[in-house]
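Chemist: This is the structure I have questions about; it appears just below.
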Amino acid sequence: MEEPLLTIEGLRTHFFTSEGVLKAVDGVDLAVPAGKTVCLVGESGCGKSVTARSILQLVDRPGRIVEGSIRWKGGLDLAALDPTGEEIRRVRGGEIGMVFQEPMASLSPMYTVGAQLSQALRLHRDLSRQQAREEGVALLRKVGIPNAEQRFDAYPFQLSGGMCQRVMIAIALCCDPALLIADEPTTALDVTTQARIVDLMVDLRAQNDMAMLFITHDLGVVAEVADEVAVMYLGKVVEHGTAEKIFNDPRHPYTRALLRSIPKLRGGAARRRLTAIRGMVPSLRQVPEGCSFHSRCDHAIDGVCDTTAPPLKRHGEAHLAYCHLDEVPAERLDPAVQVTGRSAVEEAEPLLRVEGLAMRYPIGGGLFRKPAGFVRAVDGVDLTILPGQTLGLVGESGCGKTTLGRCVARLIEPTAGRILYREESGDEVDLAAVTGARLKAYRRQIRMIFQDPFSSLNPRMTLQQIVGEPLRTSGIAGGSELRDRVADMLTRVGLRPEYMQRYPHAFSGGQRQRINIARALITGPRLVIADEPVSALDVSVRAQILNLLTDLQEELGLTYLFISHDLSVVEHISDRVTVMYLGKVVEDADTAGLYRRPRHPYTEALLDAVPVPDPALRRERRTPDTGDDLPDPAAPPPGCRFHTRCAHVRPESCRTDVPELRAYGERRLAACHHAAQLTLAGVGSTAREVGTGG
Amino acid sequence: MLRYIGRRILILIPTLAAISVITFVVIQLPPGDYLTTLTAQRAAQGDSMPTGELARLTERYALDEPVIVQYWQWISNILLHGDFGESFDYARPVSALLAERLPLTIALSVSTLIFIWVVSFPIGVYSAIRQYSLGDYGFTFLGYLGLAVPNFLIALLLMWIGLQFFDLNAGGILSPEYRDAPWSPAKVGDLLAHLWVPIVIWGTAGTAGNIRVLRANLLDELRKPYVVAARARGMPERTMTITYPVRVAMNPFFSTIGWILPGLIAADAITSKVLNLQTTGPLMLRALLAQDMYLAGAILLISAVLVVIGTLVSDIALGWLDPRVRLRY
């Protein structure tokens, strides 16, 4: 067998902190063959990034490689090199390139991207300033940056996240490395941008014939790129095999659990409860004895799994798993969720109707300056939510979904439009016209769950204060009654009431999001606006929170406005979906219909960009590349706003006339001039199938 | 960049106007006007004011006119003739008094600023890169000492050391034998030998503060992803540190020019007194005690204008240094 390009053996990288030794990487064996893509997956805190950084000796203090070897091209042991020495620096950037998670933050804001690119070039290659510039522009062109000549002199903050990631890729590729390490390169990006960056990396890998070590927690992305997959849990590789094997015949219970906990695009099939992995990744301070996964494993054998480290088992050629079980019993699928009473509900009067809602923000301006213009974050939006239902609101970042949510919650004052909310008595109130103290009553009935579980909780307040605050400020309860209600609510969201006196820092991201939910539900609201409530969470925790939201909806009869950029999550939870683009609604339809057969090209593009966690469905070349960037929202394109990126743009009317939101069939609306003629591809269907079939 | 500077300068004009009005209000605050103060003082000394003198001063400061006219008279004299009024305490024009003291004050301030930069920059960078090393702790200790000990105490200590061990009279700016002597290389040497004392004294607090700020900033920057990214493309550690994180962490150096300069000009009267330095500090103190309002007002006005100019300078410097400031503004 050919010698792999990179062989990691028994790697241990430990962090020597004041609270003890954290074994972030604890005995990893991994090989990256030349010209192949190896994916490293696992939840956060499993040691994926530290493994990648150990390869280039980039682990910061107090971390240190304590054991193991990293053989590069069969010779040099990278683990033994001095982290600041000459030799490792030749490898970094010269032979191994690296791309990071946050593209914007990975470039210094003080220099142009060109300056940083040419510096990298001149570091490893003997080029003059002028040659470096020419080479740099050529590289930018290669990674698909339009107007490369001008963009070369742009600062990172003048480019979008996707552009910055392309620049980072250009820098990583500048010396034609044999291996590219990509550490969650698309996690911080929008779904459409993610698809393009993944495509680009796959293409470049093939063109340059290099190997790639791709780290991600997104199994959809793994299915798109991987030849081989290594699953990591608590500093160890627990399963390693080809992509086909891992997805079709996973042997380790953790791999299986991960695969089952992701919501899949189901194209209108019945909704199932997600099977979440119990609990969360244990802290590195308390790694369980024996098999480290036994504490969350459904198949753990008492007296074996919790005492003895699992043996390595081979399942055919190049498929290894560390598990005591020879054959993991198949899990029973949870029955499809019974959608009870929903059809009856459809006759009901809507709980919320939004009419012509607009919100614009001035650009620039100040004491002595007139604003240079306005960003129309929300520009004439109509929405309807029926009681007891979930309306999903999707779109790329910058399309105005969050602003819309905040307007409905009346956290900000809309510029124009009406927000008609039906009170329990059946009367409709225009919330946009209610101001001041009168809003207080509605603040109890309409509540919000925020995205970031870390910054949306005051670190100086205890759980009781945080969750009980809405009760106190609206004068509903105080004293022991407040305590009882908080305790009850904490139990409902799956937290122990004993935690009431603790502070948020004592909790993990998932638990904090539960606190966030408890705070939203404590006043007994009727409408809950959830703004990207699971985007910041790991897959297994995400499944837990989604299940919790579904359960609470049934228990309490809640109505959700669910804002997210993740289409599979939205499909999982929503009855109806509204798609927004640049402040306008482009499509509005029942979930199944929208996903199976979109009516607007933008919806098609979004659906197409969702990575499907099945290597067999790996996409061939998709819709033509149309540039990553959302047009400037301050100067939206004339006519149909999407025409600059639309794959189906036609010479007539698209560029000049603004399309109205029109009805196509029952209960579906789309704003496209050609919606009636177009056959667009949805989930589980290609345009051709739709074309011949319908 | 030119537009940016132009706009900053345009904003200066209303700011300066507002400052002048406030200063004028301060001058007017003590009960009675300049003349009543002057007559009262003369009367206390047993003198009486000659009537002609009284009429001349009334005319000069437009004291029998409405306040607006008085203000106009005052500010136009300053702007057009450089005439800040008269100090009744010294019985001399304020401008003459300032001319004696301002050059030394400004020279000292600027040298102090440079001293602060030169000393705090390398120490701050060192402290951040070698965080929690012996050197870092040492400098941190010295820094806190510098921040905590009042300047006049350091002044006394230095004078005592100078006298005790080096037979050097640290007070004043020149040794007695050179005070009236013509300028010569020896006199310049003597000047320099004295100058370092106030610079070190005034610089300690600023240096200590700057070290802390630079250290904290640089520590933040060193943990940013772009540092790891730069390392990952194989940059040598030293070049990388200087080109990327240090350049970002330097911003506070420039943004503080605005308040270091005027702070030195107006505030440190005590140290100047202790060291017997002819700066504007003691002048201001005495003017305030004696309610010599034209003098006090003039110093106030100049300090305020220096704050504004200092801010402008630091804004321009920041714009030049940091593209985010330059291009986003």
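Convention: chains lettered A, B, ... in structure tokens order; per-chain residue numbering from 1; ligands numbered from 1 as shown.
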Under the rule of at most 12 Å, produce a per-residue listing of chain B near chain A: chain, number, name, the closest pair of atoms, and the distance in Å, as a tab-separated table, using only C-alpha atoms.
Modeler:
residue	atom	partner	partner_atom	distance
B:Arg7	CA	A:Phe368	CA	10.0
B:Arg8	CA	A:Phe368	CA	11.4
B:Leu10	CA	A:Phe368	CA	10.1
B:Ile11	CA	A:Phe368	CA	8.5
B:Pro14	CA	A:Phe368	CA	11.0
B:Ile129	CA	A:Arg61	CA	11.8
B:Arg130	CA	A:Arg61	CA	11.6
B:Gln131	CA	A:Arg61	CA	11.0
B:Glu221	CA	A:Ser108	CA	10.1
B:Leu222	CA	A:Asp60	CA	10.4
B:Arg223	CA	A:Asp60	CA	9.0
B:Lys224	CA	A:Ala105	CA	7.1
B:Pro225	CA	A:Ser106	CA	4.9
B:Tyr226	CA	A:Ser106	CA	3.8
B:Val227	CA	A:Ser106	CA	7.5
B:Val228	CA	A:Leu58	CA	7.0
B:Ala229	CA	A:Ser106	CA	5.8
B:Ala230	CA	A:Ser106	CA	8.2
B:Arg231	CA	A:Leu58	CA	7.5
B:Ala232	CA	A:Arg92	CA	5.4
B:Arg233	CA	A:Gly93	CA	3.8
B:Gly234	CA	A:Arg89	CA	4.4
B:Met235	CA	A:Arg89	CA	6.8
B:Pro236	CA	A:Arg89	CA	7.3
B:Glu237	CA	A:Thr84	CA	6.9
B:Arg238	CA	A:Thr84	CA	9.9
B:Thr239	CA	A:Gln119	CA	11.1
B:Met240	CA	A:Gln119	CA	10.6
B:Thr241	CA	A:Ser108	CA	11.6
B:Thr243	CA	A:Met110	CA	9.2
B:Tyr244	CA	A:Ser108	CA	6.4
B:Pro245	CA	A:Ser108	CA	8.1
B:Val246	CA	A:Met110	CA	10.6
B:Arg247	CA	A:Met110	CA	7.6
B:Val248	CA	A:Met110	CA	7.0
B:Ala249	CA	A:Met110	CA	10.8
B:Met250	CA	A:Met110	CA	11.4
B:Asn251	CA	A:Met110	CA	11.2
B:Leu318	CA	A:Met110	CA	11.5
B:Gly319	CA	A:Met110	CA	11.2
B:Trp320	CA	A:Met110	CA	10.7
B:Leu321	CA	A:Met110	CA	8.1
B:Asp322	CA	A:Met110	CA	6.0
B:Pro323	CA	A:Met110	CA	6.0
B:Arg324	CA	A:Pro109	CA	7.2
B:Val325	CA	A:Met110	CA	10.1
B:Arg326	CA	A:Met110	CA	10.8
B:Leu327	CA	A:Gln158	CA	9.0
B:Arg328	CA	A:Gln158	CA	9.0
B:Tyr329	CA	A:Gly364	CA	8.4
Chemist: Take the residues just selected and output them with C-alpha atoms as a compact mmCIF listing (two decimals), in the first residue's frame.
Modeler:
# COMPACT_ATOMS: atom_id res chain seq x y z
CA ARG B 7 -14.91 67.38 7.74
CA ARG B 8 -13.06 67.12 11.03
CA LEU B 10 -15.25 71.98 9.75
CA ILE B 11 -16.64 70.44 12.92
CA PRO B 14 -18.61 75.37 16.15
CA ILE B 129 4.18 38.66 24.60
CA ARG B 130 5.81 37.36 27.75
CA GLN B 131 2.66 37.47 29.81
CA GLU B 221 -5.17 40.90 19.59
CA LEU B 222 -2.75 38.01 20.08
CA ARG B 223 -5.72 35.70 20.60
CA LYS B 224 -7.45 36.79 17.40
CA PRO B 225 -7.84 34.24 14.61
CA TYR B 226 -5.77 36.30 12.19
CA VAL B 227 -2.70 35.74 14.36
CA VAL B 228 -3.08 31.97 14.11
CA ALA B 229 -3.83 32.36 10.40
CA ALA B 230 -0.66 34.37 9.88
CA ARG B 231 1.34 31.78 11.80
CA ALA B 232 -0.28 29.03 9.74
CA ARG B 233 1.07 30.53 6.56
CA GLY B 234 4.55 30.32 7.97
CA MET B 235 5.36 33.85 9.04
CA PRO B 236 8.28 34.24 11.43
CA GLU B 237 7.00 35.04 14.90
CA ARG B 238 8.68 38.42 15.29
CA THR B 239 7.66 39.86 11.93
CA MET B 240 4.17 38.51 12.41
CA THR B 241 3.75 40.11 15.83
CA THR B 243 3.04 43.58 11.39
CA TYR B 244 -0.32 42.26 12.55
CA PRO B 245 -1.35 42.44 16.21
CA VAL B 246 0.95 45.24 17.37
CA ARG B 247 -0.22 47.51 14.62
CA VAL B 248 -3.84 47.13 15.74
CA ALA B 249 -2.97 47.42 19.42
CA MET B 250 -1.20 50.74 18.82
CA ASN B 251 -4.41 52.69 18.33
CA LEU B 318 -5.87 57.21 13.60
CA GLY B 319 -7.32 57.71 10.15
CA TRP B 320 -3.87 57.44 8.67
CA LEU B 321 -3.02 54.37 10.72
CA ASP B 322 -6.27 52.45 10.65
CA PRO B 323 -8.10 51.85 7.36
CA ARG B 324 -11.28 50.98 9.25
CA VAL B 325 -11.45 54.54 10.58
CA ARG B 326 -10.46 56.05 7.26
CA LEU B 327 -12.78 54.14 4.97
CA ARG B 328 -15.82 53.55 7.10
CA TYR B 329 -16.25 57.06 8.29
Chemist: When distances are computed from only C-alpha atoms, which of B:Gly310, B:Val26, B:Ser95, B:Val305 shows the smallest separation from B:His81?
Modeler: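 Distance minimum relative to B:His81 lands on B:Ser95.
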Chemist: Can you measure atom CA of A:Glu469 to atom CA of A:Ile419 for me? One decimal in Å is fine.
Modeler: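 Separation of atom CA of A:Glu469 and atom CA of A:Ile419: 26.0 Å.
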Chemist: Quick one, how far is atom CA of A:Val375 from atom CA of A:Asp632?
Modeler: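 About the pair atom CA of A:Val375 and atom CA of A:Asp632: they are 8.8 Å apart.
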Chemist: Run DSSP on the backbone and grab whatever in stretch 442-582 of chain A lands in strand (DSSP E or B); send it over as a PyMOL selection string.
Modeler: chain A and resi 446-449+527-531+559-563+576-581
Chemist: Report the residues of stretch 15-205 of chain B whose backbone DSSP state falls under helix (DSSP H, G or I), written as a count of residues only.
Modeler: 141
Chemist: Find the spatial neighbours of stretch 140-149 of chain B, counting only C-alpha atoms, within a cut-off of 9 Å - ignore same-chain residues fewer than 2 positions away - and output them as a list in words.
Modeler: Ser127, Gly135, Asp136, Tyr137, Gly138, Asn151, Phe152, Leu153, Ile154, Ile201, Gly203, Thr204, Ala205, Gly206, Thr207, Ala208, Gly209, Ile211 and Arg212 of chain B
